[in-house]
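Peer 1: Below is the file query.cif, which contains mmCIF, C-alpha atoms.
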```
data_protein
#
loop_
_atom_site.label_atom_id
_atom_site.label_comp_id
_atom_site.auth_asym_id
_atom_site.auth_seq_id
_atom_site.Cartn_x
_atom_site.Cartn_y
_atom_site.Cartn_z
CA MET A 1 -6.68 -29.61 -9.65
CA ILE A 2 -4.33 -28.39 -6.91
CA VAL A 3 -5.11 -24.77 -6.00
CA VAL A 4 -2.59 -24.26 -3.18
CA GLU A 5 0.58 -26.20 -2.57
CA PHE A 6 3.10 -25.64 0.23
CA LYS A 7 6.32 -27.63 0.06
CA ASP A 8 8.78 -27.50 3.00
CA VAL A 9 7.90 -23.87 3.57
CA GLU A 10 9.82 -21.97 6.19
CA LYS A 11 9.24 -18.34 7.03
CA ALA A 12 11.43 -16.38 9.40
CA PHE A 13 10.98 -12.82 10.63
CA GLY A 14 14.45 -11.94 11.81
CA ARG A 15 15.42 -14.69 14.25
CA PHE A 16 11.85 -15.80 14.82
CA LYS A 17 10.75 -18.78 12.75
CA ALA A 18 7.02 -18.43 12.11
CA LEU A 19 6.77 -21.52 9.90
CA LYS A 20 8.96 -24.61 10.10
CA GLY A 21 8.83 -26.83 7.04
CA LEU A 22 5.13 -26.64 6.26
CA SER A 23 3.82 -28.92 3.50
CA PHE A 24 0.25 -29.46 2.30
CA LYS A 25 -1.94 -29.36 -0.78
CA ILE A 26 -5.44 -27.96 -1.21
CA LYS A 27 -7.58 -29.12 -4.11
CA SER A 28 -10.10 -27.13 -6.08
CA GLY A 29 -13.48 -26.90 -4.33
CA GLU A 30 -12.14 -27.91 -0.89
CA ARG A 31 -13.12 -26.05 2.28
CA VAL A 32 -10.15 -26.07 4.59
CA ALA A 33 -9.75 -24.59 8.06
CA ILE A 34 -6.28 -23.67 9.26
CA LEU A 35 -6.58 -24.01 12.99
CA GLY A 36 -4.21 -23.21 15.80
CA PRO A 37 -3.56 -21.08 18.85
CA ASN A 38 -2.22 -17.54 18.61
CA GLY A 39 1.30 -17.46 17.18
CA SER A 40 0.99 -20.83 15.48
CA GLY A 41 1.56 -19.39 11.99
CA LYS A 42 -2.00 -19.21 10.61
CA THR A 43 -1.81 -15.62 9.40
CA THR A 44 1.71 -16.13 8.04
CA THR A 45 0.35 -19.08 6.03
CA ALA A 46 -2.52 -16.96 4.69
CA ARG A 47 -0.18 -14.08 3.85
CA LEU A 48 2.13 -16.44 1.95
CA MET A 49 -0.81 -17.72 -0.11
CA SER A 50 -1.94 -14.21 -0.95
CA GLY A 51 1.53 -13.05 -1.99
CA GLN A 52 1.88 -10.46 0.76
CA ILE A 53 5.10 -12.13 1.92
CA ARG A 54 7.59 -14.59 0.42
CA PRO A 55 8.83 -17.82 1.99
CA THR A 56 12.34 -17.86 3.46
CA SER A 57 12.76 -21.33 1.99
CA GLY A 58 10.57 -23.94 0.31
CA THR A 59 7.95 -23.28 -2.33
CA VAL A 60 4.43 -21.89 -2.31
CA ARG A 61 2.36 -22.47 -5.44
CA VAL A 62 -1.05 -20.98 -6.01
CA PHE A 63 -2.90 -22.10 -9.14
CA GLY A 64 0.36 -23.85 -10.06
CA LYS A 65 2.42 -20.68 -10.04
CA MET A 66 5.25 -19.79 -7.70
CA ARG A 67 5.11 -16.09 -8.51
CA ILE A 68 1.90 -14.75 -7.00
CA GLY A 69 1.51 -11.93 -9.47
CA GLU A 70 -1.39 -10.08 -11.09
CA ASP A 71 -2.74 -13.14 -12.92
CA VAL A 72 -2.95 -15.22 -9.71
CA LYS A 73 -4.32 -12.39 -7.56
CA LYS A 74 -7.09 -11.82 -10.09
CA ARG A 75 -8.36 -15.31 -9.26
CA MET A 76 -8.39 -14.98 -5.46
CA GLY A 77 -10.18 -12.98 -2.80
CA ILE A 78 -9.05 -12.25 0.75
CA VAL A 79 -10.99 -11.28 3.85
CA SER A 80 -8.93 -10.57 6.93
CA HIS A 81 -9.10 -9.03 10.38
CA ASN A 82 -7.28 -6.17 8.61
CA LEU A 83 -10.21 -4.95 6.54
CA PHE A 84 -8.21 -3.63 3.56
CA LEU A 85 -10.47 -0.58 3.21
CA TYR A 86 -9.86 3.15 2.99
CA ASP A 87 -11.58 4.94 5.87
CA ASP A 88 -11.63 8.27 4.02
CA LEU A 89 -13.43 6.88 0.99
CA SER A 90 -17.10 5.97 0.87
CA ALA A 91 -18.18 2.34 0.50
CA TYR A 92 -18.96 3.00 -3.15
CA GLU A 93 -15.59 4.68 -3.80
CA ASN A 94 -13.75 1.86 -2.05
CA LEU A 95 -15.36 -0.83 -4.16
CA LYS A 96 -15.05 1.23 -7.34
CA PHE A 97 -11.32 1.69 -6.73
CA PHE A 98 -10.72 -2.02 -6.20
CA ALA A 99 -13.03 -2.92 -9.09
CA ARG A 100 -10.81 -0.87 -11.40
CA LEU A 101 -7.71 -2.63 -10.11
CA TYR A 102 -9.38 -5.97 -10.88
CA GLY A 103 -10.72 -4.73 -14.22
CA VAL A 104 -14.30 -5.34 -13.09
CA GLU A 105 -17.34 -3.38 -14.35
CA GLU A 106 -18.96 -0.81 -12.04
CA GLU A 107 -22.23 -2.73 -12.29
CA LYS A 108 -20.69 -5.44 -10.08
CA VAL A 109 -20.01 -2.81 -7.40
CA LYS A 110 -23.69 -1.84 -7.33
CA GLU A 111 -24.76 -5.47 -7.27
CA LEU A 112 -22.52 -6.30 -4.29
CA LEU A 113 -23.50 -3.21 -2.30
CA ARG A 114 -27.15 -4.22 -2.69
CA GLU A 115 -26.40 -7.86 -1.86
CA PHE A 116 -24.61 -6.95 1.36
CA GLY A 117 -27.20 -4.42 2.48
CA LEU A 118 -24.94 -1.39 2.12
CA TRP A 119 -26.65 0.34 -0.80
CA GLU A 120 -28.54 2.89 1.30
CA ARG A 121 -25.35 4.08 3.00
CA ARG A 122 -23.03 3.67 0.01
CA HIS A 123 -21.94 7.32 -0.04
CA GLU A 124 -21.04 7.43 3.64
CA MET A 125 -17.37 7.41 4.64
CA VAL A 126 -16.22 3.99 5.76
CA ARG A 127 -14.78 5.49 8.96
CA ASN A 128 -18.39 6.05 10.10
CA TYR A 129 -19.35 2.40 9.57
CA SER A 130 -19.70 -0.10 12.40
CA ARG A 131 -17.27 -3.02 12.55
CA GLY A 132 -19.94 -5.35 11.18
CA MET A 133 -20.67 -3.06 8.23
CA LYS A 134 -16.98 -2.71 7.49
CA GLN A 135 -16.62 -6.47 7.54
CA ARG A 136 -19.54 -6.85 5.11
CA LEU A 137 -17.92 -4.30 2.82
CA SER A 138 -14.62 -6.14 3.11
CA ILE A 139 -16.34 -9.36 2.04
CA ALA A 140 -17.98 -7.52 -0.85
CA ARG A 141 -14.52 -6.26 -1.88
CA SER A 142 -13.15 -9.78 -1.83
CA LEU A 143 -15.95 -10.96 -4.14
CA LEU A 144 -15.55 -8.29 -6.82
CA ASN A 145 -13.64 -10.68 -9.07
CA ASN A 146 -15.79 -13.79 -8.42
CA PRO A 147 -12.75 -15.53 -6.85
CA GLU A 148 -11.92 -19.17 -7.46
CA LEU A 149 -10.06 -19.15 -4.13
CA LEU A 150 -11.24 -17.27 -1.07
CA ILE A 151 -8.93 -16.86 1.92
CA LEU A 152 -10.58 -15.82 5.18
CA ASP A 153 -7.94 -14.90 7.73
CA GLU A 154 -9.61 -14.77 11.17
CA PRO A 155 -12.55 -12.84 9.70
CA THR A 156 -14.59 -13.02 12.91
CA THR A 157 -12.14 -10.90 14.94
CA GLY A 158 -14.04 -7.97 16.46
CA LEU A 159 -17.43 -9.13 15.21
CA ASP A 160 -20.41 -9.48 17.55
CA VAL A 161 -22.47 -12.70 17.67
CA GLU A 162 -24.95 -11.48 15.05
CA GLY A 163 -22.11 -10.40 12.74
CA ARG A 164 -20.48 -13.80 13.10
CA GLU A 165 -23.70 -15.65 12.30
CA ARG A 166 -24.26 -13.52 9.20
CA LEU A 167 -20.70 -14.18 8.10
CA PHE A 168 -21.11 -17.94 8.61
CA GLU A 169 -24.39 -17.93 6.69
CA TRP A 170 -22.68 -16.25 3.83
CA ILE A 171 -19.60 -18.55 3.92
CA LYS A 172 -21.88 -21.60 3.82
CA ASP A 173 -23.20 -20.46 0.45
CA PHE A 174 -19.77 -19.88 -1.07
CA GLU A 175 -19.07 -22.55 -3.66
CA SER A 176 -15.41 -22.25 -4.69
CA THR A 177 -12.25 -23.20 -2.79
CA LEU A 178 -12.27 -21.72 0.68
CA ILE A 179 -9.47 -21.42 3.24
CA PHE A 180 -10.43 -20.23 6.68
CA THR A 181 -7.93 -19.50 9.45
CA THR A 182 -9.19 -19.49 13.01
CA HIS A 183 -8.22 -20.38 16.57
CA ASN A 184 -11.79 -21.46 17.27
CA LEU A 185 -12.46 -25.19 16.86
CA SER A 186 -16.24 -24.88 16.68
CA GLU A 187 -15.98 -22.32 13.88
CA ALA A 188 -13.62 -24.63 11.99
CA GLU A 189 -15.94 -27.62 12.48
CA LYS A 190 -18.98 -25.64 11.47
CA LEU A 191 -17.60 -24.39 8.18
CA CYS A 192 -14.95 -26.79 6.91
CA LYS A 193 -14.66 -30.48 6.27
CA ARG A 194 -10.88 -30.59 6.36
CA VAL A 195 -8.71 -29.09 9.07
CA LEU A 196 -5.00 -28.32 9.07
CA MET A 197 -3.80 -27.73 12.61
CA LEU A 198 -0.68 -25.71 13.26
CA LYS A 199 1.35 -25.46 16.39
CA GLU A 200 4.44 -23.26 16.68
CA GLY A 201 4.79 -23.12 12.90
CA SER A 202 4.48 -26.85 12.24
CA LEU A 203 1.63 -28.92 10.89
CA VAL A 204 0.42 -31.26 13.66
CA PHE A 205 -2.82 -32.50 12.12
CA ASP A 206 -4.28 -32.81 8.63
CA GLY A 207 -7.63 -34.55 8.44
CA GLU A 208 -11.37 -34.36 8.79
CA SER A 209 -12.76 -31.89 11.28
CA LYS A 210 -14.75 -34.56 13.14
CA GLU A 211 -11.52 -36.40 14.09
CA ILE A 212 -9.91 -33.40 15.57
CA GLU A 213 -11.56 -32.66 18.92
CA ASN A 214 -9.23 -34.75 21.11
CA LYS A 215 -6.14 -33.64 19.29
CA TYR A 216 -7.13 -29.98 19.52
CA GLN A 217 -7.58 -30.08 23.27
CA ARG A 218 -4.03 -31.36 23.65
CA VAL A 219 -2.53 -28.78 21.30
CA MET A 220 -4.30 -25.86 22.96
CA LYS A 221 -2.93 -26.98 26.36
CA MET B 1 -3.09 2.30 -16.22
CA LYS B 2 -3.54 1.13 -12.64
CA PHE B 3 -1.01 3.68 -11.37
CA ILE B 4 -3.40 6.43 -12.49
CA GLU B 5 -6.18 4.82 -10.40
CA ILE B 6 -3.87 4.71 -7.38
CA ALA B 7 -2.88 8.37 -7.85
CA LYS B 8 -6.54 9.37 -8.31
CA LYS B 9 -7.51 7.53 -5.13
CA ASP B 10 -4.72 9.22 -3.15
CA LEU B 11 -5.66 12.65 -4.49
CA ARG B 12 -9.32 12.11 -3.65
CA ILE B 13 -8.40 11.18 -0.07
CA GLU B 14 -5.93 14.06 0.20
CA PHE B 15 -8.34 16.73 -1.09
CA ARG B 16 -10.96 15.36 1.28
CA THR B 17 -8.83 15.19 4.44
CA LYS B 18 -6.14 17.76 3.51
CA ASN B 19 -3.84 16.05 6.00
CA THR B 20 -0.65 16.51 4.00
CA LEU B 21 -1.66 19.56 1.93
CA ASN B 22 -2.39 21.85 4.87
CA PHE B 23 0.82 20.84 6.55
CA LEU B 24 2.91 21.36 3.40
CA PHE B 25 1.50 24.82 2.67
CA LEU B 26 1.76 25.98 6.23
CA PHE B 27 5.28 24.70 6.63
CA ALA B 28 6.41 26.22 3.31
CA PHE B 29 4.78 29.55 4.10
CA LEU B 30 6.33 29.71 7.57
CA SER B 31 9.76 28.80 6.21
CA VAL B 32 9.61 31.56 3.56
CA MET B 33 8.54 34.10 6.20
CA LEU B 34 11.24 32.96 8.60
CA PHE B 35 13.92 33.29 5.93
CA SER B 36 12.60 36.70 4.88
CA ALA B 37 12.92 37.93 8.48
CA THR B 38 16.45 36.61 9.03
CA ILE B 39 18.24 36.79 5.67
CA LYS B 40 19.17 40.20 4.35
CA LYS B 41 20.54 39.25 0.94
CA PRO B 42 18.02 37.12 -0.94
CA GLU B 43 19.44 34.04 -2.71
CA PRO B 44 17.60 31.65 -5.05
CA VAL B 45 18.84 28.71 -3.00
CA ILE B 46 16.45 29.72 -0.20
CA LEU B 47 13.49 28.61 -2.31
CA TRP B 48 15.07 25.23 -2.71
CA ILE B 49 15.79 24.87 0.97
CA VAL B 50 12.06 25.40 1.53
CA PHE B 51 11.16 22.77 -1.07
CA ILE B 52 13.66 20.28 0.40
CA PHE B 53 12.30 20.60 3.93
CA VAL B 54 8.71 20.40 2.77
CA GLY B 55 9.32 17.55 0.36
CA MET B 56 11.40 15.55 2.79
CA LEU B 57 8.63 15.62 5.36
CA GLY B 58 5.67 15.50 3.00
CA TYR B 59 6.40 13.26 0.03
CA SER B 60 7.23 10.15 2.00
CA ARG B 61 3.76 10.45 3.64
CA ALA B 62 2.18 8.91 0.55
CA PHE B 63 3.63 5.54 1.46
CA LEU B 64 3.80 5.93 5.21
CA ARG B 65 0.08 6.70 5.44
CA GLU B 66 -0.71 3.41 3.67
CA VAL B 67 1.59 1.58 6.09
CA GLU B 68 0.03 3.20 9.14
CA THR B 69 -3.56 2.49 8.06
CA GLY B 70 -2.79 -1.05 6.89
CA THR B 71 -4.01 -0.30 3.37
CA LEU B 72 -0.63 -1.04 1.82
CA GLU B 73 -1.58 -4.68 2.38
CA ALA B 74 -4.78 -4.01 0.44
CA LEU B 75 -2.68 -2.95 -2.52
CA LYS B 76 -0.39 -5.94 -2.07
CA ILE B 77 -3.28 -8.42 -2.31
CA SER B 78 -4.78 -6.62 -5.32
CA PRO B 79 -3.72 -7.46 -8.87
CA VAL B 80 -1.31 -4.55 -9.14
CA GLU B 81 2.39 -4.73 -9.83
CA PRO B 82 4.49 -3.00 -7.13
CA ALA B 83 5.92 -0.70 -9.82
CA SER B 84 2.39 0.62 -10.53
CA ILE B 85 2.01 1.48 -6.84
CA LEU B 86 5.34 3.31 -6.93
CA PHE B 87 4.41 5.27 -10.07
CA GLY B 88 0.98 6.08 -8.64
CA LYS B 89 2.61 7.56 -5.54
CA MET B 90 5.02 9.54 -7.72
CA ILE B 91 2.14 11.08 -9.66
CA PHE B 92 0.31 11.90 -6.43
CA ASN B 93 3.42 13.58 -4.98
CA GLY B 94 4.01 15.34 -8.29
CA VAL B 95 0.55 16.93 -8.17
CA LEU B 96 1.11 18.07 -4.56
CA MET B 97 4.44 19.51 -5.61
CA ILE B 98 2.97 21.51 -8.51
CA LEU B 99 0.24 22.90 -6.24
CA LEU B 100 2.90 23.88 -3.74
CA GLU B 101 4.94 25.59 -6.45
CA ILE B 102 1.96 27.55 -7.73
CA ILE B 103 1.38 28.99 -4.27
CA ILE B 104 4.90 29.32 -2.88
CA ILE B 105 6.78 30.74 -5.88
CA PRO B 106 4.66 33.93 -6.10
CA ILE B 107 4.96 34.39 -2.31
CA PHE B 108 8.73 33.88 -2.57
CA ILE B 109 9.01 36.38 -5.43
CA ALA B 110 6.89 38.94 -3.56
CA VAL B 111 8.69 38.54 -0.23
CA PHE B 112 12.27 38.45 -1.52
CA GLN B 113 11.66 40.63 -4.56
CA ILE B 114 13.59 38.30 -6.81
CA TYR B 115 12.19 38.81 -10.30
CA PRO B 116 13.40 36.15 -12.73
CA ARG B 117 14.22 37.58 -16.14
CA ASP B 118 12.82 34.41 -17.66
CA LEU B 119 9.87 33.50 -15.44
CA LEU B 120 8.74 30.53 -17.53
CA LEU B 121 12.22 29.04 -17.58
CA ALA B 122 12.58 29.60 -13.83
CA PHE B 123 9.29 27.78 -13.23
CA ALA B 124 10.32 24.98 -15.62
CA VAL B 125 13.67 24.55 -13.87
CA ILE B 126 12.09 24.44 -10.41
CA THR B 127 9.52 21.95 -11.68
CA ALA B 128 12.22 19.73 -13.22
CA GLY B 129 14.17 19.81 -9.96
CA ASN B 130 11.08 19.06 -7.95
CA ILE B 131 10.08 16.17 -10.22
CA ALA B 132 13.55 14.68 -9.67
CA PHE B 133 13.09 15.26 -5.94
CA VAL B 134 9.70 13.50 -5.97
CA ILE B 135 11.15 10.53 -7.88
CA ILE B 136 14.05 10.21 -5.43
CA THR B 137 11.87 10.64 -2.32
CA SER B 138 9.25 8.17 -3.53
CA SER B 139 11.86 5.57 -4.54
CA LEU B 140 13.70 5.86 -1.24
CA SER B 141 10.58 5.85 0.92
CA ILE B 142 9.80 2.35 -0.38
CA LEU B 143 13.19 1.19 0.82
CA VAL B 144 12.58 2.46 4.36
CA ILE B 145 8.93 1.49 4.88
CA LYS B 146 9.86 -1.70 6.68
CA SER B 147 12.18 0.09 9.09
CA LYS B 148 10.86 1.07 12.51
CA ALA B 149 12.97 4.23 12.40
CA ARG B 150 11.80 5.14 8.88
CA GLU B 151 11.14 8.83 9.65
CA LEU B 152 14.71 9.24 10.93
CA LEU B 153 16.25 7.06 8.25
CA MET B 154 14.65 8.95 5.36
CA PRO B 155 16.61 12.24 5.62
CA ILE B 156 19.87 10.35 6.21
CA LEU B 157 19.39 8.40 2.98
CA LEU B 158 17.90 11.29 1.07
CA PHE B 159 20.44 14.06 1.51
CA PRO B 160 23.45 12.41 -0.14
CA VAL B 161 21.33 11.06 -3.01
CA VAL B 162 19.50 14.29 -3.71
CA PHE B 163 22.55 16.55 -3.41
CA PRO B 164 23.52 16.57 -7.15
CA VAL B 165 19.92 17.44 -8.04
CA ILE B 166 19.84 20.33 -5.56
CA LEU B 167 23.14 21.67 -6.83
CA SER B 168 22.07 21.50 -10.47
CA THR B 169 18.63 22.98 -9.81
CA VAL B 170 20.07 25.92 -7.89
CA GLN B 171 22.56 26.53 -10.72
CA ALA B 172 19.85 26.37 -13.37
CA PHE B 173 17.45 28.51 -11.31
CA THR B 174 20.15 31.19 -10.81
CA MET B 175 20.74 31.18 -14.59
CA ALA B 176 17.00 31.57 -15.23
CA ILE B 177 16.82 34.48 -12.76
CA ASN B 178 19.76 36.20 -14.41
CA GLY B 179 18.50 35.42 -17.90
CA GLU B 180 21.62 33.37 -18.76
CA SER B 181 19.83 30.50 -20.42
CA GLY B 182 22.75 29.66 -22.76
CA ASP B 183 24.48 27.23 -20.35
CA ILE B 184 21.34 25.86 -18.75
CA ALA B 185 21.50 22.57 -20.69
CA SER B 186 24.32 21.28 -18.49
CA PRO B 187 22.56 21.43 -15.07
CA LEU B 188 19.27 20.40 -16.69
CA SER B 189 20.87 17.29 -18.17
CA VAL B 190 22.13 16.34 -14.69
CA ILE B 191 18.60 16.73 -13.29
CA ILE B 192 17.02 14.70 -16.11
CA GLY B 193 19.76 12.04 -16.06
CA PHE B 194 19.48 11.65 -12.32
CA SER B 195 15.69 11.39 -12.51
CA ILE B 196 15.90 8.62 -15.11
CA ALA B 197 18.53 6.76 -13.07
CA MET B 198 16.50 6.95 -9.86
CA LEU B 199 13.34 5.95 -11.71
CA ALA B 200 15.18 2.84 -12.91
CA VAL B 201 16.49 2.13 -9.38
CA GLY B 202 12.96 2.50 -7.96
CA TYR B 203 11.49 0.24 -10.66
CA LEU B 204 14.12 -2.46 -10.14
CA THR B 205 14.03 -2.50 -6.34
CA VAL B 206 10.33 -1.98 -5.62
CA ASP B 207 9.41 -5.63 -6.05
CA TYR B 208 11.95 -6.80 -3.46
CA ALA B 209 11.52 -3.85 -1.13
CA PHE B 210 7.77 -4.22 -1.09
CA ILE B 211 7.27 -7.86 -0.24
CA GLU B 212 8.85 -9.27 2.92
#
```
Kindly present the structure from the file in structure tokens form.
Peer 2:
Amino acid sequence: MIVVEFKDVEKAFGRFKALKGLSFKIKSGERVAILGPNGSGKTTTARLMSGQIRPTSGTVRVFGKMRIGEDVKKRMGIVSHNLFLYDDLSAYENLKFFARLYGVEEEKVKELLREFGLWERRHEMVRNYSRGMKQRLSIARSLLNNPELLILDEPTTGLDVEGRERLFEWIKDFESTLIFTTHNLSEAEKLCKRVLMLKEGSLVFDGESKEIENKYQRVMK
Amino acid sequence: MKFIEIAKKDLRIEFRTKNTLNFLFLFAFLSVMLFSATIKKPEPVILWIVFIFVGMLGYSRAFLREVETGTLEALKISPVEPASILFGKMIFNGVLMILLEIIIIPIFIAVFQIYPRDLLLAFAVITAGNIAFVIITSSLSILVIKSKARELLMPILLFPVVFPVILSTVQAFTMAINGESGDIASPLSVIIGFSIAMLAVGYLTVDYAFIE
């Protein structure tokens, strides 16, 4: 089953073309890294998949649907460098709020807070959390609905080495479809079998991560 | 009822931080005091001038705060229709507005010594006008959130749109003060009609205005 399909997708912000005719398909259960230097269109691609923005032309289908509405969003989770959390709510209140939007029982909130080691400090305001704790909470938020598709948009930004390792450990255990955007080749190789490489809004490579090293060096130059 | 959850979340944050509330009350109080010191003949329209200034600056904060903190994106990726977000913000602003009324109207009455003959009707008219104002401000603030000059753009868009509501509310409020409730249906119907029309405009445009 095709989970994500891009067909001749272009996205312009004013005069700037962020994506130029991007086409690819991602099947159910695949782990795909979207790799590229800064400004290559990785985040734009992730935002198109999650319905935060619309394509200027071409079609984006997620779970077979062009309109990324409530039904589609209920099946996906997103972790980003933007943490999508309210600083003036506690960890518990944050998850409870999003759980209600997803129609998820409060029991799941408790379960995730325990799983991510945040239970003891669940009533503390998120603004007092460290970056690593916020990122863990953000991952917990993305898992509230047991997503069939998880999009990780440069989730390691601002994390220390230990935070990164914990994140990678956790990603390794995730079983559904996973899309991971990064500018770091070793992260892409470590976590994903398939790599889509973008450069200046165009797809320049689509294949297995082991084939990519030479190509990547050229693109980054 | 996801819009209720959004309104509850906003109210929880607001009562905790009091970022907008403190500013609204202080600004309204100062405006009333300033008018009382400079205007000799009290007019009901003064109360509305206070509400317009306060509302114009305060009600659009509900959206702008989400833009500034990046949490609007959190709502966009959640399974919530944009219309629910709009209605949630309207409810949040509506609660702020009622709190403001409860505090400012008695101060206004005491300072200007304007005693409405029909106090309940006067309160109802002000509330109806303010609800219309909240609907208009919330609907328009969605249209300007993408603009870099949104804080400047908002009053320019707002004034012409809100003018019929202001005019009708002042008329109805003057009637309530003078106890002439017989003709009040006419300005009230303008307020209600305008609210419904702007609610429809907000509902129909929010989807396109929200997502780039």
Peer 1: As a list in words, could you give me every residue of chain B near chain A (at most 7 Å apart, counting all atoms listed in the file)?
Peer 2: Lys2, Ile13, Gly70, Thr71, Glu73, Ala74, Lys76, Ile77, Ser78, Pro79, Val80, Glu81, Ile211 and Glu212 of chain B
Peer 1: Which of these, A:Val32, A:Leu22, A:Val79, A:Val9, has the shortest distance to Glu208 in chain A once you count only C-alpha atoms?
Peer 2: A:Val32
Peer 1: What lies within 12 Å of Glu180 in chain B using all atoms listed in the file, ignoring chain neighbours under 4 positions off, as a list of chain:residue names?
Peer 2: B:Pro116, B:Arg117, B:Asp118, B:Leu121, B:Ala122, B:Gln171, B:Ala172, B:Phe173, B:Thr174, B:Met175, B:Ala176, B:Ile184, B:Ala185
Peer 1: Save out the residues we just selected, C-alpha atoms, as an mmCIF file, in the coordinates of the input.
Peer 2:
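Output (again-v6.cif):
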```cif
data_model
loop_
_atom_site.group_PDB
_atom_site.id
_atom_site.type_symbol
_atom_site.label_atom_id
_atom_site.label_comp_id
_atom_site.auth_asym_id
_atom_site.auth_seq_id
_atom_site.Cartn_x
_atom_site.Cartn_y
_atom_site.Cartn_z
ATOM 1 C CA PRO B 116 13.400 36.150 -12.730
ATOM 2 C CA ARG B 117 14.220 37.580 -16.140
ATOM 3 C CA ASP B 118 12.820 34.410 -17.660
ATOM 4 C CA LEU B 121 12.220 29.040 -17.580
ATOM 5 C CA ALA B 122 12.580 29.600 -13.830
ATOM 6 C CA GLN B 171 22.560 26.530 -10.720
ATOM 7 C CA ALA B 172 19.850 26.370 -13.370
ATOM 8 C CA PHE B 173 17.450 28.510 -11.310
ATOM 9 C CA THR B 174 20.150 31.190 -10.810
ATOM 10 C CA MET B 175 20.740 31.180 -14.590
ATOM 11 C CA ALA B 176 17.000 31.570 -15.230
ATOM 12 C CA ILE B 184 21.340 25.860 -18.750
ATOM 13 C CA ALA B 185 21.500 22.570 -20.690
#
```
Peer 1: Calculate how many Å separate CA of Val206 in chain B from CA of Leu143 in chain B, rounding to one decimal.
Peer 2: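 Between these atoms lies a distance of 7.7 Å.
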Peer 1: Near range 179-196 of chain A, within 7 Å and counting all atoms listed in the file, which residues show up once chain neighbours fewer than 6 positions away are dropped, as a list of chain:residue names?
Peer 2: A:Arg31, A:Val32, A:Ala33, A:Ile34, A:Leu35, A:Gly36, A:Pro37, A:Asn38, A:Lys42, A:Leu150, A:Ile151, A:Leu152, A:Asp153, A:Glu154, A:Lys172, A:Leu203, A:Phe205, A:Asp206, A:Gly207, A:Glu208, A:Ser209
Peer 1: For those residues, write C-alpha atoms to a file as an mmCIF file, in the coordinates of the input.
Peer 2:
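Wrote again.cif, looks like this:
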```cif
data_model
loop_
_atom_site.group_PDB
_atom_site.id
_atom_site.type_symbol
_atom_site.label_atom_id
_atom_site.label_comp_id
_atom_site.auth_asym_id
_atom_site.auth_seq_id
_atom_site.Cartn_x
_atom_site.Cartn_y
_atom_site.Cartn_z
ATOM 1 C CA ARG A 31 -13.120 -26.050 2.280
ATOM 2 C CA VAL A 32 -10.150 -26.070 4.590
ATOM 3 C CA ALA A 33 -9.750 -24.590 8.060
ATOM 4 C CA ILE A 34 -6.280 -23.670 9.260
ATOM 5 C CA LEU A 35 -6.580 -24.010 12.990
ATOM 6 C CA GLY A 36 -4.210 -23.210 15.800
ATOM 7 C CA PRO A 37 -3.560 -21.080 18.850
ATOM 8 C CA ASN A 38 -2.220 -17.540 18.610
ATOM 9 C CA LYS A 42 -2.000 -19.210 10.610
ATOM 10 C CA LEU A 150 -11.240 -17.270 -1.070
ATOM 11 C CA ILE A 151 -8.930 -16.860 1.920
ATOM 12 C CA LEU A 152 -10.580 -15.820 5.180
ATOM 13 C CA ASP A 153 -7.940 -14.900 7.730
ATOM 14 C CA GLU A 154 -9.610 -14.770 11.170
ATOM 15 C CA LYS A 172 -21.880 -21.600 3.820
ATOM 16 C CA LEU A 203 1.630 -28.920 10.890
ATOM 17 C CA PHE A 205 -2.820 -32.500 12.120
ATOM 18 C CA ASP A 206 -4.280 -32.810 8.630
ATOM 19 C CA GLY A 207 -7.630 -34.550 8.440
ATOM 20 C CA GLU A 208 -11.370 -34.360 8.790
ATOM 21 C CA SER A 209 -12.760 -31.890 11.280
#
```
Peer 1: One number please: CA of Phe87 in chain B to CA of Ala62 in chain B, in Å, one decimal.
Peer 2: 11.4 Å
Peer 1: Which of these, B:Ile142, B:Leu47, B:Met56, B:Met90, has the shortest distance to Phe123 in chain B once you count all atoms listed in the file?
Peer 2: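 Ranked by minimum distance to Phe123 in chain B, first place goes to B:Leu47.
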Peer 1: I'd like the residues picked by the PyMOL selection byres ((chain B and resi 61) around 10) written out as number ranges by chain, using the chain letters and numbers from the file.
Peer 2: B: 19-20, 55-60, 62-68, 89, 93, 138, 141, 151
